[in-house]
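The block underneath contains the structure these notes are about, expressed in structure tokens.
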Amino acid sequence: MRPAAVVGTGQTHHAAKRLDVSMAGLCREAIDRAMADAGVDWSDIDAVVLGKAPDLFEGVMMPELFLADALGAVGKPLLRVHTAGSVGGSTGNVAASLVQSGVHDRVLAVAFEKQSESNAMWALSVPTPFTMPVHAGAGGYFAPHVRSYIRRASAPEHIGAMVAAKDRRNGARNPYAHLKQPDITVESVQASTMLWDPIRYDETCPSSDGACAVVISSEPTSGQAAWIRATAMRTEPTTFAGRDQVNPRAGQDAARALWRQAGITDPLSEVDAAEIYVPFSWFEPMWLENLGFTDIGQGWKLTEAGETEIGGRLPVNPSGGVLSSNPIGASGLLRFAEAAMQVMGTAGEHQVDGARVALGHAYGGGSQFFAMWVVGSEKP
Amino acid sequence: MTRPLSAPLDVGFDYTRSLGPTLGRFLSDLRRRRVTGIRGSDGRVHVPPLEYDPVTAERLHEFVDVTATGVVRGWSWIPEPLEGQPLDRPFAWALIQLDGADTSLLHAVDAGSPDRMATGTRVRARWRNERVGAITDIECFEISDEPADPPTEADDVTMVTTPVNLHYTHSASPTEDPFLRGLMEGRLIAQRCPVCEKVYFPPRPACPVDGVPTTDQIELSDHGTITTYCVVNVPFLGQRIPPPYVSAYVLLDGADIPFLHLLLGVAPEDVRMGMRVEAVWKPREEWGPTMQNIDHFKPSGEPDAPFDSYSQHL
């Protein structure tokens, strides 16, 4: 497998409603920035990989077909990836594999969601015949599992609010973030409305329109490069008897494979920044454990000690993360791109000083799809 | 073999599309009884206008007025129109190259009979009286050598609403079928995996862990334990139960996997993981093949189950 690197990243200004652009225009805003960042032209791109979450969100079946012109994919291979909310991460990994395998030299990965075209709560709660209609969107799905985590880890109640306050403050440093709340506090988060008890309004990701793009290349194109040291994806069924919804096996297996491939034996010491898919605040400590940064039941202690702040031992979501911007299909690729930006030193106001190794992580469905990569400033 | 139970599943939403500068111009002009194309890098005029060039992928800017008359380049006769199609009587779908355009637009032709349709037939737009800025502002095309109605004035549009309605027939699987027929008799039918002996309720055709058919049918009581839960306080489109309500994972006694149901009869702040519950059934005359025969679960008054008894089901 030959080395591959992220050589350019781009993203939109994420917002609740980007009514000024079409889906194609939204994608191009991110693509044009990524290609300018990489210093490449359309003739340099060999293939395009597009990711987005369920088609019911925009009501467009197979949007990759009508977007082909806008994606510069005419006459080139165009692949669609779909792994629910983790799809942005999977899109990055598929694009990386096309370069690592030697099939293509430069691949454009694009992911988007235009949530304002419909309503994700509706789209994720369509009542199926013969069942009890108690479903209530993603929050309703994940809240019981957050409760299980709190009980199992004996975690104090304020941890979720700490994560939310941190990520929203970080988002205020990110010019592209949907939510910018520099003055948010743990107390103000705790005072916000309880939506899906135990998840509060301020502990919940927004609904965003946005897109992200990265150019992955076998060689640097403009000097900068975030070398892809490892990629991993794992999947498991949504439900089976004895399934651990708090600490899913697929996530554990993906993380183990990832660290092994990257040659990392002590992730907490060796990783300088992590962009982890945290749509509801409590998933920070849950995924810290699932990813092996801490032992089981200890993730919240890292958060509580302030070690996941910028300047801490493991800054988590310096960009503000999914809690600050959530164009669902793009959210995973944003994590992957932000990790690359950290090791390229292009993260601006939310740059982690001296970051040389970073994690990008995404999960989706009912915590059943996992995609992650490790990027580094050194060529492997 | 009896046919498995089935029920209609209708999924519909009025999607709201933001058009951006190119499609916005096209639909605003349709509202004015004008048709606008765009010139590509190779000189071709694309109708409808493309946002990005199919050759160079660059953004296109040069709008070109074309006429609302043109020629049929290909067609297909629709003898029995479907819901949502432009006309409720037989019509032709046609690729129509408008005069001044180099590409063809797909639209309906109200030809009356396939005998009147041919490649090369001249057509003109029949404009709708109430125009909103949508492709359906052209009601259809009609066979004619005459010009279409002249342009008029109208405000710009930036959005278009696209209703999407899907009508499915949702069928139960052969495994679900005895489970649903059991519910009609107030019985809770589960299946056990012959390999791992885990009991699935609702039953599955195959064990997701061992991949073998779940052949052993067993009946469970309507008592169980709340493993975990959330309190839904948020209202949303399509919601069937008014909030706030407790959405709880119920692990029936003898089952190895919990399912989501509604918990009532207790204040949300008093619900606990491990709480023992029992089913409250609807009146028998209201029963059908559905888990909604159980109206809700309520606390049974038994002591809470110890954490270890359900911790493997979280």
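All residue names refer to the structure tokens as shown: chains lettered A, B, ... in order, residues numbered from 1 in each chain, ligands numbered from 1 in order.
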May I have the residues of chain A within 7 Å of chain B, counting only C-alpha atoms, written as an MDAnalysis selection string?
chainID A and resid 19:22 58:59 69:70 72 74 117:118 121:122 128:134 140 143:144 147:148 194:198 240:245
- prompt: If you run DSSP on the backbone, which residues of range 48-196 of chain A are helix (DSSP H, G or I), as a ChimeraX atom specification?
  reply: /A:55-57,63-66,87-100,115-117,120-123,137-153,159-171,186-190
- Which is closest to Glu62 in chain B among B:Gly74, B:Gly211, B:Gly37, B:Pro283, if we use only C-alpha atoms?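 Nearest to Glu62 in chain B: B:Gly37.
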Report task. Just list the residues in range 189-269 of chain B DSSP gives strand (DSSP E) on the backbone, as a ChimeraX atom specification. Result -> /B:189-192,199-200,216-220,223-232,245-252,259-263
I'd like the contact shell of range 366-377 of chain A - 6 Å cut-off, only C-alpha atoms, skipping same-chain residues fewer than 5 positions apart - returned as a list in words.
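Counting only C-alpha atoms, the residues come to Gly89, Ser90, Ala226, Trp227, Ile228, Arg229, Ala230, Thr231, Ala232, Met233, Arg234, Thr235, Glu236, Thr238, Gly251, Val343, Arg356, Val357, Ala358, Leu359, Gly360 and His361 of chain A.
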For range 67-71 of chain B: contacts at 10 Å, only C-alpha atoms, fewer than 5 positions along chain excluded, given as a PDB file with C-alpha atoms, in the first residue's frame:
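Output contents, as saved in part-v7.pdb:
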```
ATOM      1  CA  LEU B  30     -41.029  30.421 -16.297  1.00  0.00           C
ATOM      2  CA  ARG B  33     -43.793  32.795 -19.496  1.00  0.00           C
ATOM      3  CA  ARG B  34     -40.141  32.968 -20.552  1.00  0.00           C
ATOM      4  CA  VAL B  35     -37.785  30.033 -21.062  1.00  0.00           C
ATOM      5  CA  THR B  36     -34.135  30.639 -20.285  1.00  0.00           C
ATOM      6  CA  GLY B  37     -31.174  28.461 -21.169  1.00  0.00           C
ATOM      7  CA  ALA B  94     -41.368  13.865 -24.888  1.00  0.00           C
ATOM      8  CA  LEU B  95     -37.856  15.218 -25.218  1.00  0.00           C
ATOM      9  CA  ILE B  96     -38.469  18.652 -26.691  1.00  0.00           C
ATOM     10  CA  GLN B  97     -35.723  20.750 -28.242  1.00  0.00           C
ATOM     11  CA  LEU B  98     -36.903  24.339 -27.923  1.00  0.00           C
ATOM     12  CA  ASP B  99     -36.052  26.772 -30.709  1.00  0.00           C
ATOM     13  CA  GLY B 100     -32.699  28.287 -29.779  1.00  0.00           C
ATOM     14  CA  ALA B 101     -31.675  25.397 -27.535  1.00  0.00           C
ATOM     15  CA  SER B 104     -33.853  18.685 -25.028  1.00  0.00           C
ATOM     16  CA  LEU B 105     -36.256  19.338 -22.186  1.00  0.00           C
ATOM     17  CA  ALA B 118     -43.836  11.769 -34.264  1.00  0.00           C
ATOM     18  CA  THR B 119     -40.201  12.701 -34.003  1.00  0.00           C
ATOM     19  CA  GLY B 120     -40.061  16.120 -35.619  1.00  0.00           C
ATOM     20  CA  THR B 121     -43.558  17.184 -34.505  1.00  0.00           C
ATOM     21  CA  ARG B 122     -43.748  20.922 -33.719  1.00  0.00           C
ATOM     22  CA  VAL B 123     -45.061  21.818 -30.259  1.00  0.00           C
ATOM     23  CA  ARG B 124     -45.561  24.896 -28.106  1.00  0.00           C
ATOM     24  CA  ALA B 125     -45.858  25.448 -24.357  1.00  0.00           C
ATOM     25  CA  ARG B 126     -49.328  25.685 -22.845  1.00  0.00           C
ATOM     26  CA  TRP B 127     -48.763  28.071 -19.950  1.00  0.00           C
ATOM     27  CA  ILE B 138     -45.762  24.903 -18.304  1.00  0.00           C
ATOM     28  CA  PHE B 141     -46.896  21.147 -24.527  1.00  0.00           C
ATOM     29  CA  GLU B 142     -49.416  20.977 -27.334  1.00  0.00           C
ATOM     30  CA  ILE B 143     -49.043  20.232 -31.007  1.00  0.00           C
ATOM     31  CA  SER B 144     -48.967  23.545 -32.872  1.00  0.00           C
ATOM     32  CA  ASP B 145     -46.979  25.643 -35.326  1.00  0.00           C
ATOM     33  CA  GLU B 146     -48.126  28.826 -33.631  1.00  0.00           C
ATOM     34  CA  PRO B 147     -46.148  30.872 -31.076  1.00  0.00           C
ATOM     35  CA  ALA B 148     -46.876  30.370 -27.379  1.00  0.00           C
ATOM     36  CA  ASP B 149     -48.483  33.066 -25.212  1.00  0.00           C
ATOM     37  CA  PRO B 150     -46.268  36.165 -24.852  1.00  0.00           C
ATOM     38  CA  PRO B 151     -44.171  36.936 -21.730  1.00  0.00           C
TER      39      PRO B 151
END
```
Quick one: residues within 7 Å of range 165-178 of chain A, only C-alpha atoms counted, chain neighbours fewer than 6 positions away excluded, as an mmCIF file with C-alpha atoms, in the first residue's frame?
```cif
data_model
loop_
_atom_site.group_PDB
_atom_site.id
_atom_site.type_symbol
_atom_site.label_atom_id
_atom_site.label_comp_id
_atom_site.auth_asym_id
_atom_site.auth_seq_id
_atom_site.Cartn_x
_atom_site.Cartn_y
_atom_site.Cartn_z
ATOM 1 C CA THR A 12 -18.943 25.722 3.618
ATOM 2 C CA HIS A 13 -20.113 28.290 6.086
ATOM 3 C CA HIS A 14 -22.565 25.987 7.841
ATOM 4 C CA ALA A 15 -25.981 27.360 8.800
ATOM 5 C CA ILE A 184 -21.790 29.659 26.949
ATOM 6 C CA THR A 185 -21.217 28.156 30.409
ATOM 7 C CA VAL A 186 -21.803 24.821 32.109
ATOM 8 C CA VAL A 189 -26.209 24.487 29.383
ATOM 9 C CA GLU A 309 -9.961 21.356 26.105
ATOM 10 C CA ASN A 317 -13.142 18.735 18.792
ATOM 11 C CA PRO A 318 -11.108 21.953 18.707
ATOM 12 C CA SER A 319 -13.258 22.875 15.667
ATOM 13 C CA GLY A 320 -16.404 22.827 17.803
ATOM 14 C CA GLY A 321 -17.353 19.433 16.429
ATOM 15 C CA LEU A 323 -22.243 20.056 18.482
ATOM 16 C CA SER A 324 -21.389 23.288 16.637
ATOM 17 C CA SER A 325 -22.171 22.231 13.028
ATOM 18 C CA GLU A 349 -7.847 30.154 15.634
ATOM 19 C CA HIS A 350 -8.606 26.588 16.760
#
```
Between CA of Gln85 in chain B and CA of Ala108 in chain B, what is the distance, to one decimal in Å?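 Answer for the CA of Gln85 in chain B to CA of Ala108 in chain B separation: 8.8 Å.
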| query | Leaving out Ala4 in chain A and any residue of its chain fewer than 3 positions from it, which residues lie within 9 Å of it when counting only C-alpha atoms, given as a ChimeraX atom specification? | reply | /A:96-97,99-100,105,216-220,226-229,379
How would the residues just chosen look if you wrote them out with C-alpha atoms as a PDB file, in the first residue's frame?
```pdb
ATOM      1  CA  ALA A  96      -7.977   7.230   0.607  1.00  0.00           C
ATOM      2  CA  SER A  97      -8.137   3.575  -0.426  1.00  0.00           C
ATOM      3  CA  VAL A  99      -5.082   6.401  -3.814  1.00  0.00           C
ATOM      4  CA  GLN A 100      -3.351   3.983  -1.422  1.00  0.00           C
ATOM      5  CA  ASP A 105      -3.283   9.463  -8.024  1.00  0.00           C
ATOM      6  CA  ILE A 216      -6.341  13.095  -1.360  1.00  0.00           C
ATOM      7  CA  SER A 217      -3.135  12.603  -3.310  1.00  0.00           C
ATOM      8  CA  SER A 218      -0.200  10.220  -3.571  1.00  0.00           C
ATOM      9  CA  GLU A 219       2.169  13.232  -3.585  1.00  0.00           C
ATOM     10  CA  PRO A 220       1.922  16.752  -2.128  1.00  0.00           C
ATOM     11  CA  ALA A 226      -1.601  15.329   6.197  1.00  0.00           C
ATOM     12  CA  TRP A 227      -0.304  11.794   5.648  1.00  0.00           C
ATOM     13  CA  ILE A 228      -2.899   9.099   6.217  1.00  0.00           C
ATOM     14  CA  ARG A 229      -1.277   6.700   8.661  1.00  0.00           C
ATOM     15  CA  LYS A 379       5.351  10.866   5.593  1.00  0.00           C
TER      16      LYS A 379
END
```
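Minimum atom-to-atom distances from B:Gly274, B:Gly133, B:Pro79, B:Pro86 to Ser113 in chain B were compared using only C-alpha atoms, and the lowest value belongs to B:Pro79.
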